[in-house]
file final-v2.cif (mmCIF, C-alpha atoms)
data_run
#
loop_
_atom_site.label_atom_id
_atom_site.label_comp_id
_atom_site.auth_asym_id
_atom_site.auth_seq_id
_atom_site.Cartn_x
_atom_site.Cartn_y
_atom_site.Cartn_z
CA MET A 1 10.89 12.72 -8.26
CA HIS A 2 8.54 10.65 -6.16
CA ARG A 3 5.26 9.87 -7.85
CA ILE A 4 2.55 10.49 -5.28
CA GLY A 5 -0.90 8.90 -5.23
CA VAL A 6 -3.68 7.88 -2.88
CA ASN A 7 -4.79 4.44 -1.76
CA THR A 8 -8.52 4.00 -2.33
CA ASN A 9 -8.57 2.22 1.04
CA CYS A 10 -8.86 5.74 2.49
CA TYR A 11 -12.45 5.43 1.30
CA HIS A 12 -13.13 2.16 3.14
CA GLY A 13 -16.89 1.73 3.38
CA TYR A 14 -17.55 3.92 0.33
CA SER A 15 -17.65 3.06 -3.36
CA ILE A 16 -14.73 3.01 -5.75
CA GLU A 17 -16.49 5.75 -7.70
CA ASP A 18 -16.58 7.97 -4.58
CA ALA A 19 -12.90 7.24 -4.01
CA LEU A 20 -11.79 8.05 -7.55
CA GLU A 21 -13.78 11.28 -7.67
CA GLY A 22 -12.48 12.42 -4.28
CA ILE A 23 -8.88 11.65 -5.15
CA HIS A 24 -9.21 13.48 -8.46
CA ARG A 25 -10.79 16.57 -6.88
CA SER A 26 -8.02 16.75 -4.30
CA GLY A 27 -5.47 17.21 -7.08
CA PHE A 28 -3.78 13.82 -7.23
CA GLN A 29 -2.96 12.04 -10.47
CA TYR A 30 -1.96 8.58 -9.23
CA VAL A 31 -4.12 6.02 -7.47
CA GLU A 32 -3.60 2.71 -5.67
CA LEU A 33 -6.63 0.49 -6.18
CA THR A 34 -7.69 -1.70 -3.26
CA ALA A 35 -8.57 -5.38 -3.67
CA THR A 36 -8.29 -6.60 -0.08
CA LYS A 37 -10.53 -9.57 0.65
CA GLY A 38 -12.90 -9.11 3.57
CA TRP A 39 -12.06 -5.44 3.98
CA THR A 40 -12.04 -3.11 0.99
CA GLU A 41 -12.98 -4.78 -2.28
CA HIS A 42 -13.09 -1.73 -4.53
CA VAL A 43 -11.92 -3.93 -7.38
CA PHE A 44 -11.88 -7.71 -7.18
CA PRO A 45 -11.29 -10.66 -9.54
CA THR A 46 -14.83 -11.96 -8.96
CA MET A 47 -16.38 -8.76 -10.36
CA SER A 48 -17.78 -8.91 -13.86
CA PHE A 49 -15.59 -7.86 -16.76
CA GLU A 50 -18.21 -5.30 -17.71
CA TYR A 51 -18.05 -3.64 -14.28
CA LEU A 52 -14.24 -3.72 -14.12
CA GLU A 53 -14.11 -2.18 -17.59
CA SER A 54 -16.45 0.61 -16.41
CA ILE A 55 -14.08 1.36 -13.52
CA LYS A 56 -11.18 1.41 -15.94
CA MET A 57 -13.06 3.92 -18.10
CA LYS A 58 -13.89 6.03 -15.02
CA ILE A 59 -10.20 6.16 -14.12
CA LYS A 60 -9.37 7.31 -17.66
CA GLU A 61 -12.12 9.95 -17.67
CA LEU A 62 -10.72 11.44 -14.45
CA ASN A 63 -7.17 11.44 -15.89
CA LEU A 64 -5.97 9.22 -13.07
CA ILE A 65 -3.15 6.68 -13.36
CA PRO A 66 -3.45 3.40 -11.42
CA PHE A 67 0.17 2.72 -10.51
CA ALA A 68 -0.48 0.08 -7.82
CA MET A 69 -2.97 -2.40 -6.43
CA SER A 70 -3.42 -3.34 -2.80
CA GLY A 71 -4.05 -7.06 -3.21
CA HIS A 72 -3.33 -8.45 0.25
CA CYS A 73 -3.36 -12.24 0.68
CA ASN A 74 -1.72 -14.54 3.21
CA LEU A 75 1.36 -15.48 1.20
CA MET A 76 2.27 -18.08 3.83
CA ASP A 77 -0.88 -20.04 2.94
CA SER A 78 -0.45 -22.16 -0.19
CA LYS A 79 -4.24 -22.12 -0.68
CA ARG A 80 -4.23 -18.33 -0.99
CA LEU A 81 -1.55 -18.19 -3.69
CA LYS A 82 -4.16 -18.86 -6.39
CA ASP A 83 -6.12 -15.85 -5.14
CA PHE A 84 -3.03 -13.71 -5.23
CA ILE A 85 -2.21 -14.77 -8.79
CA LEU A 86 -5.69 -13.59 -9.77
CA ASN A 87 -4.91 -10.28 -8.07
CA ILE A 88 -1.69 -10.02 -10.09
CA LYS A 89 -3.72 -10.52 -13.28
CA LEU A 90 -6.24 -7.92 -12.11
CA ALA A 91 -3.42 -5.46 -11.43
CA ALA A 92 -2.16 -6.09 -14.97
CA PHE A 93 -5.66 -5.44 -16.35
CA PHE A 94 -5.54 -1.95 -14.81
CA GLY A 95 -1.95 -1.34 -15.93
CA CYS A 96 -0.46 -1.25 -12.42
CA GLU A 97 3.30 -1.40 -11.87
CA PHE A 98 3.13 -2.62 -8.27
CA ILE A 99 1.04 -5.04 -6.28
CA VAL A 100 1.05 -4.65 -2.50
CA SER A 101 0.61 -7.49 -0.03
CA SER A 102 1.39 -8.19 3.58
CA VAL A 103 3.03 -11.55 4.27
CA GLY A 104 -0.04 -12.62 6.27
CA GLU A 105 -3.65 -11.58 5.85
CA ALA A 106 -4.35 -7.89 6.21
CA HIS A 107 -7.84 -8.10 7.70
CA LEU A 108 -8.66 -11.81 7.86
CA GLU A 109 -7.33 -14.38 10.31
CA ASP A 110 -4.18 -16.15 9.10
CA ALA A 111 -5.09 -19.70 8.15
CA GLU A 112 -1.47 -20.77 8.03
CA GLN A 113 1.95 -19.63 9.21
CA VAL A 114 5.19 -21.05 7.85
CA THR A 115 8.94 -20.72 8.19
CA ASP A 116 10.83 -18.10 6.21
CA GLU A 117 12.12 -20.89 3.97
CA ARG A 118 8.58 -21.97 3.02
CA LEU A 119 7.54 -18.35 2.57
CA VAL A 120 10.43 -17.75 0.19
CA ASN A 121 9.41 -20.84 -1.79
CA HIS A 122 5.91 -19.39 -2.09
CA LEU A 123 7.27 -16.04 -3.22
CA ASN A 124 9.51 -17.73 -5.78
CA SER A 125 6.46 -19.56 -7.17
CA LEU A 126 4.91 -16.16 -7.92
CA LEU A 127 7.92 -14.87 -9.86
CA PRO A 128 6.87 -16.26 -13.28
CA PHE A 129 3.60 -14.31 -13.05
CA LEU A 130 5.28 -11.13 -11.78
CA ILE A 131 7.84 -11.33 -14.57
CA TYR A 132 5.28 -12.13 -17.29
CA TYR A 133 3.06 -9.18 -16.32
CA ASP A 134 6.06 -7.02 -15.38
CA ILE A 135 4.63 -6.17 -11.97
CA LYS A 136 6.68 -5.72 -8.82
CA LEU A 137 5.43 -7.33 -5.59
CA VAL A 138 6.08 -5.03 -2.65
CA LEU A 139 5.72 -6.67 0.77
CA GLU A 140 4.21 -4.37 3.36
CA THR A 141 5.50 -3.79 6.86
CA HIS A 142 2.55 -5.41 8.60
CA GLY A 143 1.63 -7.87 11.35
CA ASP A 144 4.44 -10.21 12.40
CA HIS A 145 6.57 -8.86 9.54
CA SER A 146 6.23 -5.23 10.49
CA THR A 147 9.79 -3.92 10.60
CA GLY A 148 12.36 -3.17 7.98
CA VAL A 149 14.81 -5.63 9.54
CA ILE A 150 12.39 -8.56 9.19
CA LEU A 151 11.32 -7.80 5.63
CA ASP A 152 14.83 -6.98 4.46
CA HIS A 153 15.89 -10.46 5.55
CA ILE A 154 13.11 -12.06 3.48
CA ILE A 155 13.86 -9.91 0.43
CA GLY A 156 17.49 -10.96 0.70
CA LEU A 157 16.48 -14.62 0.56
CA VAL A 158 14.32 -14.12 -2.54
CA GLU A 159 16.95 -12.12 -4.42
CA SER A 160 14.68 -10.87 -7.20
CA PRO A 161 14.11 -7.33 -8.47
CA TYR A 162 10.43 -8.27 -8.67
CA VAL A 163 10.04 -8.65 -4.89
CA LYS A 164 10.78 -5.61 -2.76
CA ILE A 165 9.36 -3.68 0.22
CA ASN A 166 6.35 -1.43 0.68
CA TYR A 167 7.33 0.57 3.76
CA ASP A 168 4.21 1.61 5.69
CA THR A 169 5.33 4.41 7.98
CA ALA A 170 2.61 3.87 10.60
CA ASN A 171 2.47 0.08 10.60
CA VAL A 172 6.00 -0.17 11.97
CA ILE A 173 4.70 1.68 15.04
CA PHE A 174 1.32 -0.05 15.36
CA TYR A 175 2.57 -3.61 14.82
CA GLY A 176 6.30 -3.37 15.52
CA ASP A 177 6.65 -0.70 18.26
CA LYS A 178 9.36 0.97 16.17
CA MET A 179 9.60 4.54 14.97
CA PRO A 180 9.98 4.63 11.18
CA GLU A 181 12.75 7.23 11.18
CA GLU A 182 14.78 4.85 13.35
CA ASP A 183 13.88 1.63 11.48
CA ILE A 184 13.91 2.69 7.85
CA ASP A 185 17.69 2.63 7.37
CA SER A 186 17.67 -1.13 7.97
CA CYS A 187 15.93 -1.77 4.65
CA MET A 188 16.39 1.42 2.62
CA GLN A 189 18.07 -0.37 -0.30
CA ASN A 190 15.02 -2.61 -0.77
CA ILE A 191 12.22 -0.06 -0.39
CA ALA A 192 10.50 0.24 -3.77
CA TYR A 193 7.18 1.69 -2.62
CA MET A 194 5.92 3.53 0.44
CA HIS A 195 2.62 3.99 2.21
CA LEU A 196 2.69 7.46 3.72
CA LYS A 197 0.51 6.97 6.78
CA ASP A 198 0.53 9.19 9.86
CA LYS A 199 -0.01 7.97 13.42
CA ASP A 200 -1.57 9.52 16.49
CA GLY A 201 -2.42 8.19 19.95
CA GLU A 202 -0.78 5.20 21.62
CA ASN A 203 1.28 2.72 19.60
CA LYS A 204 -1.44 0.05 19.57
CA GLU A 205 -4.28 2.52 19.08
CA TRP A 206 -6.01 2.50 15.69
CA ASN A 207 -5.50 6.17 14.88
CA PHE A 208 -4.18 7.11 11.42
CA PRO A 209 -5.11 10.70 10.53
CA ALA A 210 -4.35 12.92 7.55
CA LEU A 211 -0.66 13.58 6.90
CA GLY A 212 0.72 16.19 9.27
CA LYS A 213 -2.00 15.57 11.87
CA GLY A 214 -0.07 12.89 13.78
CA TYR A 215 3.41 12.66 15.26
CA ILE A 216 5.42 10.84 12.58
CA ASN A 217 8.54 12.77 11.63
CA PHE A 218 8.02 12.83 7.88
CA PRO A 219 10.71 15.48 7.22
CA SER A 220 13.28 13.09 8.71
CA ILE A 221 12.00 10.20 6.58
CA PHE A 222 12.02 12.33 3.43
CA LYS A 223 15.57 13.46 4.17
CA LYS A 224 16.74 9.87 4.60
CA LEU A 225 15.17 8.89 1.28
CA GLU A 226 16.82 11.84 -0.43
CA GLN A 227 20.23 11.04 1.04
CA ALA A 228 19.89 7.44 -0.14
CA GLY A 229 18.80 8.52 -3.62
CA ASN A 230 15.57 6.54 -3.17
CA GLN A 231 12.80 7.95 -5.37
CA CYS A 232 10.18 5.29 -4.63
CA PRO A 233 6.52 6.16 -5.26
CA PHE A 234 4.40 7.34 -2.34
CA SER A 235 0.81 6.24 -1.71
CA ILE A 236 -1.17 8.08 0.96
CA GLU A 237 -3.23 5.94 3.29
CA ILE A 238 -5.60 7.43 5.88
CA GLU A 239 -7.48 5.00 8.13
CA PHE A 240 -8.85 7.41 10.76
CA THR A 241 -9.78 5.96 14.18
CA SER A 242 -11.54 2.70 15.01
CA ALA A 243 -14.82 4.62 14.78
CA GLY A 244 -14.09 5.40 11.15
CA PRO A 245 -14.69 8.68 9.33
CA LYS A 246 -17.89 10.58 10.04
CA ASP A 247 -18.82 10.79 6.38
CA LEU A 248 -17.48 11.14 2.84
CA VAL A 249 -16.83 14.84 3.40
CA GLU A 250 -14.40 14.03 6.20
CA ILE A 251 -12.47 11.61 3.99
CA ASN A 252 -12.22 14.12 1.14
CA GLN A 253 -11.06 16.77 3.59
CA ALA A 254 -8.35 14.48 5.00
CA VAL A 255 -7.12 13.61 1.51
CA LYS A 256 -6.95 17.30 0.57
CA GLU A 257 -5.17 18.13 3.86
CA SER A 258 -2.60 15.47 3.00
CA TYR A 259 -2.16 17.00 -0.45
CA ASP A 260 -1.62 20.42 1.11
CA TYR A 261 0.86 19.01 3.62
CA LEU A 262 3.03 17.45 0.90
CA VAL A 263 2.92 20.61 -1.19
CA LYS A 264 4.07 22.53 1.89
CA MET A 265 6.94 20.02 2.18
CA GLY A 266 8.00 21.04 -1.31
CA TYR A 267 6.58 18.17 -3.34
CA LYS A 268 5.00 18.67 -6.76
CA ILE A 269 1.99 16.41 -7.21
#

call {"tool": "encode", "arguments": {"input": "final-v2.cif", "output": "structure tokens"}}
result
Amino acid sequence: MHRIGVNTNCYHGYSIEDALEGIHRSGFQYVELTATKGWTEHVFPTMSFEYLESIKMKIKELNLIPFAMSGHCNLMDSKRLKDFILNIKLAAFFGCEFIVSSVGEAHLEDAEQVTDERLVNHLNSLLPFLIYYDIKLVLETHGDHSTGVILDHIIGLVESPYVKINYDTANVIFYGDKMPEEDIDSCMQNIAYMHLKDKDGENKEWNFPALGKGYINFPSIFKKLEQAGNQCPFSIEIEFTSAGPKDLVEINQAVKESYDYLVKMGYKI
């Protein structure tokens, strides 16, 4: 069975407390905490221990389980590796099993770009920390590394069970001009985590509504996963349009609509 949670990035612009309460009320048990520099810093290594501990207690009080952390850093930039190691330690503090990162920055300008060989060296340098804390790094389909073909090649060079793929169903369209149901087979064996994100509008249009409100063929994707015996966890990510959500009510409604959509698809959450 796929474990299904919600990325707190859905609540971009709102507090982590708002996010946790909304996710809990919608009926979800699992949560992906967001620690993305310059974008959504719901949890972050620079926060005080006292505050991070209060968030940890809040998660426990709401009977939520933090199974992943979105800790995006430019992994091509050697200067950012220290920041990412801190994010790994923060993920361990919350008991996460996965840490998500794009190869480049998610919402900051890339300070450095390197060859695949250098990138693999950087990823290998992170392995001792991933192994020590028993956390799996899942590289997201994003930016210049937005298709399954590209990421599968990198994963093959690393050759570690601690470095796999986070397949973002909408990013392959937005960044890679590929439909996920056509691209996903290229990397199925290395998908360990998945961002369920819907897409509406033109390919390059920032429009990521609640699940079932866009045009992504999720039934086809779910069928492919089932046929491959891939039971990777799902994390819902809703990023609305470039104008953002109207208010907190709209975010909570979109999260609940996504819950209802998955239940209709036969999933138990």

call {"tool": "resolve_selection", "arguments": {"input": "final-v2.cif", "expression": "the PyMOL selection byres ((chain A and resi 230) around 12)", "output": "MDAnalysis selection string"}}
result
chainID A and resid 1:3 184:185 187:194 221:229 231:234

call {"tool": "closest_residue", "arguments": {"input": "final-v2.cif", "among": "A:Phe84, A:Tyr132, A:Gly201, A:Glu237", "to": "A:Tyr167", "atoms": "only C-alpha atoms"}}
result
A:Glu237

call {"tool": "resolve_selection", "arguments": {"input": "final-v2.cif", "expression": "the PyMOL selection byres ((chain A and resi 115) around 12)", "output": "PyMOL selection string"}}
result
chain A and resi 75-77+103+112-114+116-122+154

call {"tool": "closest_residue", "arguments": {"input": "final-v2.cif", "among": "A:Phe49, A:Thr169, A:Glu97, A:Glu17", "to": "A:Glu61", "atoms": "all atoms listed in the file"}}
result
A:Glu17

call {"tool": "closest_atom_pairs", "arguments": {"input": "final-v2.cif", "of": "stretch 15-75 of chain A", "to": "stretch 249-262 of chain A", "cutoff": "12 Å", "atoms": "all atoms listed in the file", "output": "CSV"}}
result
residue,atom,partner,partner_atom,distance
A:Asp18,CA,A:Asn252,CA,9.5
A:Ala19,CA,A:Asn252,CA,8.6
A:Leu20,CA,A:Asn252,CA,10.6
A:Glu21,CA,A:Asn252,CA,9.4
A:Gly22,CA,A:Asn252,CA,5.7
A:Ile23,CA,A:Val255,CA,7.2
A:His24,CA,A:Lys256,CA,10.1
A:Arg25,CA,A:Lys256,CA,8.4
A:Ser26,CA,A:Lys256,CA,5.0
A:Gly27,CA,A:Tyr259,CA,7.4
A:Phe28,CA,A:Tyr259,CA,7.7
A:Gln29,CA,A:Tyr259,CA,11.2
